[in-house]
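J.: Let me begin by handing over the structure; questions about it come next.
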Amino acid sequence: MVPLSEPVSEYNLYVRMPKHEIHMLGYIMEADDHIMNIRHTDESDSTVKIIVPADLLTEAIDMLNQLKEELELEIIRYGPNPGNP
């Protein structure tokens, strides 16, 4: 029997940005109803892993695209969060 696929509850969203601007992204996210949560930064390639509730993914992407006017950032990719922190 093939198990039923679990619905996606969260997405991992990866953004590349300068290290010195990550804290500003955190402040902005905290001020906007916790749409996103920074979980991990990888200094080797300036990538930030962000967790986003599934029903807010589009809103989070739109918000990040608007922030490109203020912060140097690039959305690299996103996909379902497999449950890892």
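Residue numbers start at 1 in each chain; chains themselves are named A, B, ... in the order of the structure tokens; ligands are numbered from 1 in the order shown.
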Range 44-55 of chain A: which residues within 6 Å, counting only C-alpha atoms, same-chain residues fewer than 5 positions away excluded, as a list in words?
T.: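 Residues meeting the cut-off are Ser9, Glu10, Tyr11, Asn12, Leu13, Tyr14, Val15, Arg16, Met17, Met36, Asn37, Ile38 and Arg39 of chain A.
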J.: Save the residues we just selected, N, CA and C atoms, as a short mmCIF file (atom, residue, chain, number, x, y, z; two decimals), in the first residue's frame?
T.:
```cif
data_model
loop_
_atom_site.label_atom_id
_atom_site.label_comp_id
_atom_site.auth_asym_id
_atom_site.auth_seq_id
_atom_site.Cartn_x
_atom_site.Cartn_y
_atom_site.Cartn_z
N SER A 9 2.93 21.79 4.94
CA SER A 9 2.54 22.81 5.92
C SER A 9 3.52 23.98 5.96
N GLU A 10 4.76 23.72 5.54
CA GLU A 10 5.78 24.77 5.52
C GLU A 10 6.68 24.61 4.30
N TYR A 11 7.25 25.72 3.90
CA TYR A 11 8.21 25.72 2.81
C TYR A 11 9.55 26.27 3.30
N ASN A 12 10.62 25.76 2.72
CA ASN A 12 11.95 26.35 2.89
C ASN A 12 12.14 27.29 1.71
N LEU A 13 12.55 28.50 2.01
CA LEU A 13 12.79 29.51 1.00
C LEU A 13 14.24 29.95 1.18
N TYR A 14 15.03 29.90 0.13
CA TYR A 14 16.45 30.24 0.21
C TYR A 14 16.71 31.56 -0.50
N VAL A 15 17.38 32.45 0.21
CA VAL A 15 17.67 33.79 -0.29
C VAL A 15 19.17 34.03 -0.17
N ARG A 16 19.76 34.62 -1.19
CA ARG A 16 21.17 35.01 -1.12
C ARG A 16 21.22 36.51 -0.88
N MET A 17 22.01 36.89 0.13
CA MET A 17 22.13 38.30 0.46
C MET A 17 23.40 38.53 1.27
N MET A 36 7.64 35.04 8.06
CA MET A 36 8.78 34.18 7.78
C MET A 36 9.62 34.05 9.04
N ASN A 37 10.47 33.01 9.06
CA ASN A 37 11.36 32.79 10.19
C ASN A 37 12.73 32.37 9.65
N ILE A 38 13.75 33.18 9.94
CA ILE A 38 15.10 32.83 9.51
C ILE A 38 15.56 31.65 10.35
N ARG A 39 16.03 30.59 9.70
CA ARG A 39 16.45 29.38 10.40
C ARG A 39 17.93 29.11 10.31
#
```
J.: Which parts of chain A does DSSP call alpha helix (DSSP H) when run on the backbone here, written out as a list in words?
T.: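 For chain A, the alpha helix (DSSP H) set is Lys19, His20, Glu21, Ile22, His23, Met24, Leu25, Gly26, Tyr27, Ile28, Met29, Glu30, Ala31, Leu57, Thr58, Glu59, Ala60, Ile61, Asp62, Met63, Leu64, Asn65, Gln66 and Leu67 of chain A.
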J.: Just N, CA and C atoms for this one: save the residues we selected as a PDB file, in the first residue's frame.
T.:
```pdb
ATOM      1  N   LYS A  19      25.846  39.311   4.220  1.00  0.00           N
ATOM      2  CA  LYS A  19      25.731  38.979   5.649  1.00  0.00           C
ATOM      3  C   LYS A  19      25.312  40.193   6.470  1.00  0.00           C
ATOM      4  N   HIS A  20      25.836  41.360   6.152  1.00  0.00           N
ATOM      5  CA  HIS A  20      25.536  42.545   6.951  1.00  0.00           C
ATOM      6  C   HIS A  20      24.085  43.012   6.825  1.00  0.00           C
ATOM      7  N   GLU A  21      23.310  42.469   5.882  1.00  0.00           N
ATOM      8  CA  GLU A  21      21.906  42.861   5.731  1.00  0.00           C
ATOM      9  C   GLU A  21      20.933  41.836   6.312  1.00  0.00           C
ATOM     10  N   ILE A  22      21.424  40.684   6.744  1.00  0.00           N
ATOM     11  CA  ILE A  22      20.543  39.633   7.263  1.00  0.00           C
ATOM     12  C   ILE A  22      19.793  40.110   8.503  1.00  0.00           C
ATOM     13  N   HIS A  23      20.482  40.814   9.396  1.00  0.00           N
ATOM     14  CA  HIS A  23      19.803  41.283  10.603  1.00  0.00           C
ATOM     15  C   HIS A  23      18.655  42.227  10.264  1.00  0.00           C
ATOM     16  N   MET A  24      18.810  43.058   9.232  1.00  0.00           N
ATOM     17  CA  MET A  24      17.746  43.973   8.838  1.00  0.00           C
ATOM     18  C   MET A  24      16.540  43.201   8.314  1.00  0.00           C
ATOM     19  N   LEU A  25      16.778  42.146   7.551  1.00  0.00           N
ATOM     20  CA  LEU A  25      15.681  41.302   7.085  1.00  0.00           C
ATOM     21  C   LEU A  25      14.929  40.715   8.284  1.00  0.00           C
ATOM     22  N   GLY A  26      15.669  40.281   9.296  1.00  0.00           N
ATOM     23  CA  GLY A  26      15.040  39.747  10.508  1.00  0.00           C
ATOM     24  C   GLY A  26      14.154  40.769  11.194  1.00  0.00           C
ATOM     25  N   TYR A  27      14.624  42.001  11.323  1.00  0.00           N
ATOM     26  CA  TYR A  27      13.827  43.058  11.948  1.00  0.00           C
ATOM     27  C   TYR A  27      12.549  43.322  11.159  1.00  0.00           C
ATOM     28  N   ILE A  28      12.669  43.368   9.854  1.00  0.00           N
ATOM     29  CA  ILE A  28      11.500  43.625   9.003  1.00  0.00           C
ATOM     30  C   ILE A  28      10.490  42.496   9.133  1.00  0.00           C
ATOM     31  N   MET A  29      10.963  41.249   9.134  1.00  0.00           N
ATOM     32  CA  MET A  29      10.051  40.108   9.236  1.00  0.00           C
ATOM     33  C   MET A  29       9.333  40.100  10.580  1.00  0.00           C
ATOM     34  N   GLU A  30      10.025  40.436  11.661  1.00  0.00           N
ATOM     35  CA  GLU A  30       9.400  40.460  12.981  1.00  0.00           C
ATOM     36  C   GLU A  30       8.300  41.510  13.063  1.00  0.00           C
ATOM     37  N   ALA A  31       8.431  42.580  12.312  1.00  0.00           N
ATOM     38  CA  ALA A  31       7.448  43.648  12.339  1.00  0.00           C
ATOM     39  C   ALA A  31       6.217  43.346  11.495  1.00  0.00           C
ATOM     40  N   LEU A  57       3.204  31.467   1.601  1.00  0.00           N
ATOM     41  CA  LEU A  57       4.338  31.421   0.677  1.00  0.00           C
ATOM     42  C   LEU A  57       4.282  32.544  -0.353  1.00  0.00           C
ATOM     43  N   THR A  58       3.158  32.719  -1.001  1.00  0.00           N
ATOM     44  CA  THR A  58       3.037  33.765  -2.031  1.00  0.00           C
ATOM     45  C   THR A  58       3.249  35.141  -1.418  1.00  0.00           C
ATOM     46  N   GLU A  59       2.678  35.365  -0.244  1.00  0.00           N
ATOM     47  CA  GLU A  59       2.842  36.652   0.434  1.00  0.00           C
ATOM     48  C   GLU A  59       4.309  36.883   0.804  1.00  0.00           C
ATOM     49  N   ALA A  60       4.995  35.841   1.252  1.00  0.00           N
ATOM     50  CA  ALA A  60       6.407  35.953   1.622  1.00  0.00           C
ATOM     51  C   ALA A  60       7.264  36.276   0.398  1.00  0.00           C
ATOM     52  N   ILE A  61       7.016  35.600  -0.712  1.00  0.00           N
ATOM     53  CA  ILE A  61       7.773  35.865  -1.940  1.00  0.00           C
ATOM     54  C   ILE A  61       7.524  37.289  -2.416  1.00  0.00           C
ATOM     55  N   ASP A  62       6.260  37.723  -2.376  1.00  0.00           N
ATOM     56  CA  ASP A  62       5.939  39.097  -2.769  1.00  0.00           C
ATOM     57  C   ASP A  62       6.667  40.097  -1.879  1.00  0.00           C
ATOM     58  N   MET A  63       6.678  39.826  -0.572  1.00  0.00           N
ATOM     59  CA  MET A  63       7.345  40.717   0.373  1.00  0.00           C
ATOM     60  C   MET A  63       8.843  40.794   0.083  1.00  0.00           C
ATOM     61  N   LEU A  64       9.471  39.635  -0.157  1.00  0.00           N
ATOM     62  CA  LEU A  64      10.901  39.623  -0.463  1.00  0.00           C
ATOM     63  C   LEU A  64      11.194  40.372  -1.765  1.00  0.00           C
ATOM     64  N   ASN A  65      10.337  40.200  -2.758  1.00  0.00           N
ATOM     65  CA  ASN A  65      10.536  40.925  -4.018  1.00  0.00           C
ATOM     66  C   ASN A  65      10.431  42.433  -3.809  1.00  0.00           C
ATOM     67  N   GLN A  66       9.538  42.887  -2.936  1.00  0.00           N
ATOM     68  CA  GLN A  66       9.434  44.315  -2.633  1.00  0.00           C
ATOM     69  C   GLN A  66      10.668  44.810  -1.875  1.00  0.00           C
ATOM     70  N   LEU A  67      11.206  43.944  -1.009  1.00  0.00           N
ATOM     71  CA  LEU A  67      12.373  44.335  -0.227  1.00  0.00           C
ATOM     72  C   LEU A  67      13.633  44.491  -1.073  1.00  0.00           C
TER      73      LEU A  67
END
```
J.: May I ask for the distance between CA of Thr41 in chain A and CA of Glu69 in chain A, given in Å to one decimal place?
T.: 21.6 Å
J.: DSSP on the backbone, strand (DSSP E or B) only: what residues of chain A does that give? Format it as a ChimeraX atom specification.
T.: /A:10-16,37-42,47-53,74-80
J.: Using N, CA and C atoms, can you write the selected residues to a file as a JSON list (two decimals), in the first residue's frame?
T.:
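So the final result, stored in result-v5.json, reads:
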```json
[["chain", "number", "residue", "atom", "x", "y", "z"],
["A", 10, "GLU", "N", 4.76, 23.72, 5.54],
["A", 10, "GLU", "CA", 5.78, 24.77, 5.52],
["A", 10, "GLU", "C", 6.68, 24.61, 4.30],
["A", 11, "TYR", "N", 7.25, 25.72, 3.90],
["A", 11, "TYR", "CA", 8.21, 25.72, 2.81],
["A", 11, "TYR", "C", 9.55, 26.27, 3.30],
["A", 12, "ASN", "N", 10.62, 25.76, 2.72],
["A", 12, "ASN", "CA", 11.95, 26.35, 2.89],
["A", 12, "ASN", "C", 12.14, 27.29, 1.71],
["A", 13, "LEU", "N", 12.55, 28.50, 2.01],
["A", 13, "LEU", "CA", 12.79, 29.51, 1.00],
["A", 13, "LEU", "C", 14.24, 29.95, 1.18],
["A", 14, "TYR", "N", 15.03, 29.90, 0.13],
["A", 14, "TYR", "CA", 16.45, 30.24, 0.21],
["A", 14, "TYR", "C", 16.71, 31.56, -0.50],
["A", 15, "VAL", "N", 17.38, 32.45, 0.21],
["A", 15, "VAL", "CA", 17.67, 33.79, -0.29],
["A", 15, "VAL", "C", 19.17, 34.03, -0.17],
["A", 16, "ARG", "N", 19.76, 34.62, -1.19],
["A", 16, "ARG", "CA", 21.17, 35.01, -1.12],
["A", 16, "ARG", "C", 21.22, 36.51, -0.88],
["A", 37, "ASN", "N", 10.47, 33.01, 9.06],
["A", 37, "ASN", "CA", 11.36, 32.79, 10.19],
["A", 37, "ASN", "C", 12.73, 32.37, 9.65],
["A", 38, "ILE", "N", 13.75, 33.18, 9.94],
["A", 38, "ILE", "CA", 15.10, 32.83, 9.51],
["A", 38, "ILE", "C", 15.56, 31.65, 10.35],
["A", 39, "ARG", "N", 16.03, 30.59, 9.70],
["A", 39, "ARG", "CA", 16.45, 29.38, 10.40],
["A", 39, "ARG", "C", 17.93, 29.11, 10.31],
["A", 40, "HIS", "N", 18.57, 29.52, 9.23],
["A", 40, "HIS", "CA", 19.96, 29.13, 9.03],
["A", 40, "HIS", "C", 20.61, 30.08, 8.04],
["A", 41, "THR", "N", 21.85, 30.42, 8.30],
["A", 41, "THR", "CA", 22.61, 31.17, 7.32],
["A", 41, "THR", "C", 23.87, 30.38, 6.99],
["A", 42, "ASP", "N", 24.25, 30.41, 5.74],
["A", 42, "ASP", "CA", 25.45, 29.73, 5.28],
["A", 42, "ASP", "C", 26.41, 30.80, 4.77],
["A", 47, "THR", "N", 23.88, 32.40, 1.76],
["A", 47, "THR", "CA", 22.51, 31.93, 1.63],
["A", 47, "THR", "C", 21.81, 31.94, 2.99],
["A", 48, "VAL", "N", 20.57, 32.37, 2.99],
["A", 48, "VAL", "CA", 19.74, 32.39, 4.18],
["A", 48, "VAL", "C", 18.57, 31.43, 3.96],
["A", 49, "LYS", "N", 18.37, 30.50, 4.90],
["A", 49, "LYS", "CA", 17.23, 29.58, 4.83],
["A", 49, "LYS", "C", 16.11, 30.18, 5.68],
["A", 50, "ILE", "N", 14.95, 30.32, 5.07],
["A", 50, "ILE", "CA", 13.79, 30.90, 5.73],
["A", 50, "ILE", "C", 12.66, 29.87, 5.71],
["A", 51, "ILE", "N", 11.96, 29.71, 6.84],
["A", 51, "ILE", "CA", 10.79, 28.84, 6.92],
["A", 51, "ILE", "C", 9.54, 29.70, 6.75],
["A", 52, "VAL", "N", 8.63, 29.25, 5.90],
["A", 52, "VAL", "CA", 7.40, 29.99, 5.62],
["A", 52, "VAL", "C", 6.20, 29.05, 5.71],
["A", 53, "PRO", "N", 5.14, 29.41, 6.45],
["A", 53, "PRO", "CA", 3.93, 28.59, 6.43],
["A", 53, "PRO", "C", 3.39, 28.49, 5.00],
["A", 74, "GLU", "N", 18.44, 38.04, -3.35],
["A", 74, "GLU", "CA", 18.02, 37.26, -4.52],
["A", 74, "GLU", "C", 17.36, 35.98, -4.01],
["A", 75, "ILE", "N", 16.14, 35.71, -4.45],
["A", 75, "ILE", "CA", 15.47, 34.46, -4.10],
["A", 75, "ILE", "C", 16.09, 33.37, -4.96],
["A", 76, "ILE", "N", 16.68, 32.38, -4.32],
["A", 76, "ILE", "CA", 17.38, 31.30, -5.03],
["A", 76, "ILE", "C", 16.42, 30.18, -5.40],
["A", 77, "ARG", "N", 15.69, 29.70, -4.40],
["A", 77, "ARG", "CA", 14.76, 28.59, -4.63],
["A", 77, "ARG", "C", 13.85, 28.44, -3.42],
["A", 78, "TYR", "N", 12.80, 27.62, -3.60],
["A", 78, "TYR", "CA", 11.95, 27.26, -2.48],
["A", 78, "TYR", "C", 11.37, 25.88, -2.74],
["A", 79, "GLY", "N", 10.97, 25.22, -1.67],
["A", 79, "GLY", "CA", 10.37, 23.90, -1.79],
["A", 79, "GLY", "C", 9.81, 23.45, -0.46],
["A", 80, "PRO", "N", 9.06, 22.36, -0.44],
["A", 80, "PRO", "CA", 8.47, 21.88, 0.80],
["A", 80, "PRO", "C", 9.51, 21.62, 1.88]]
```
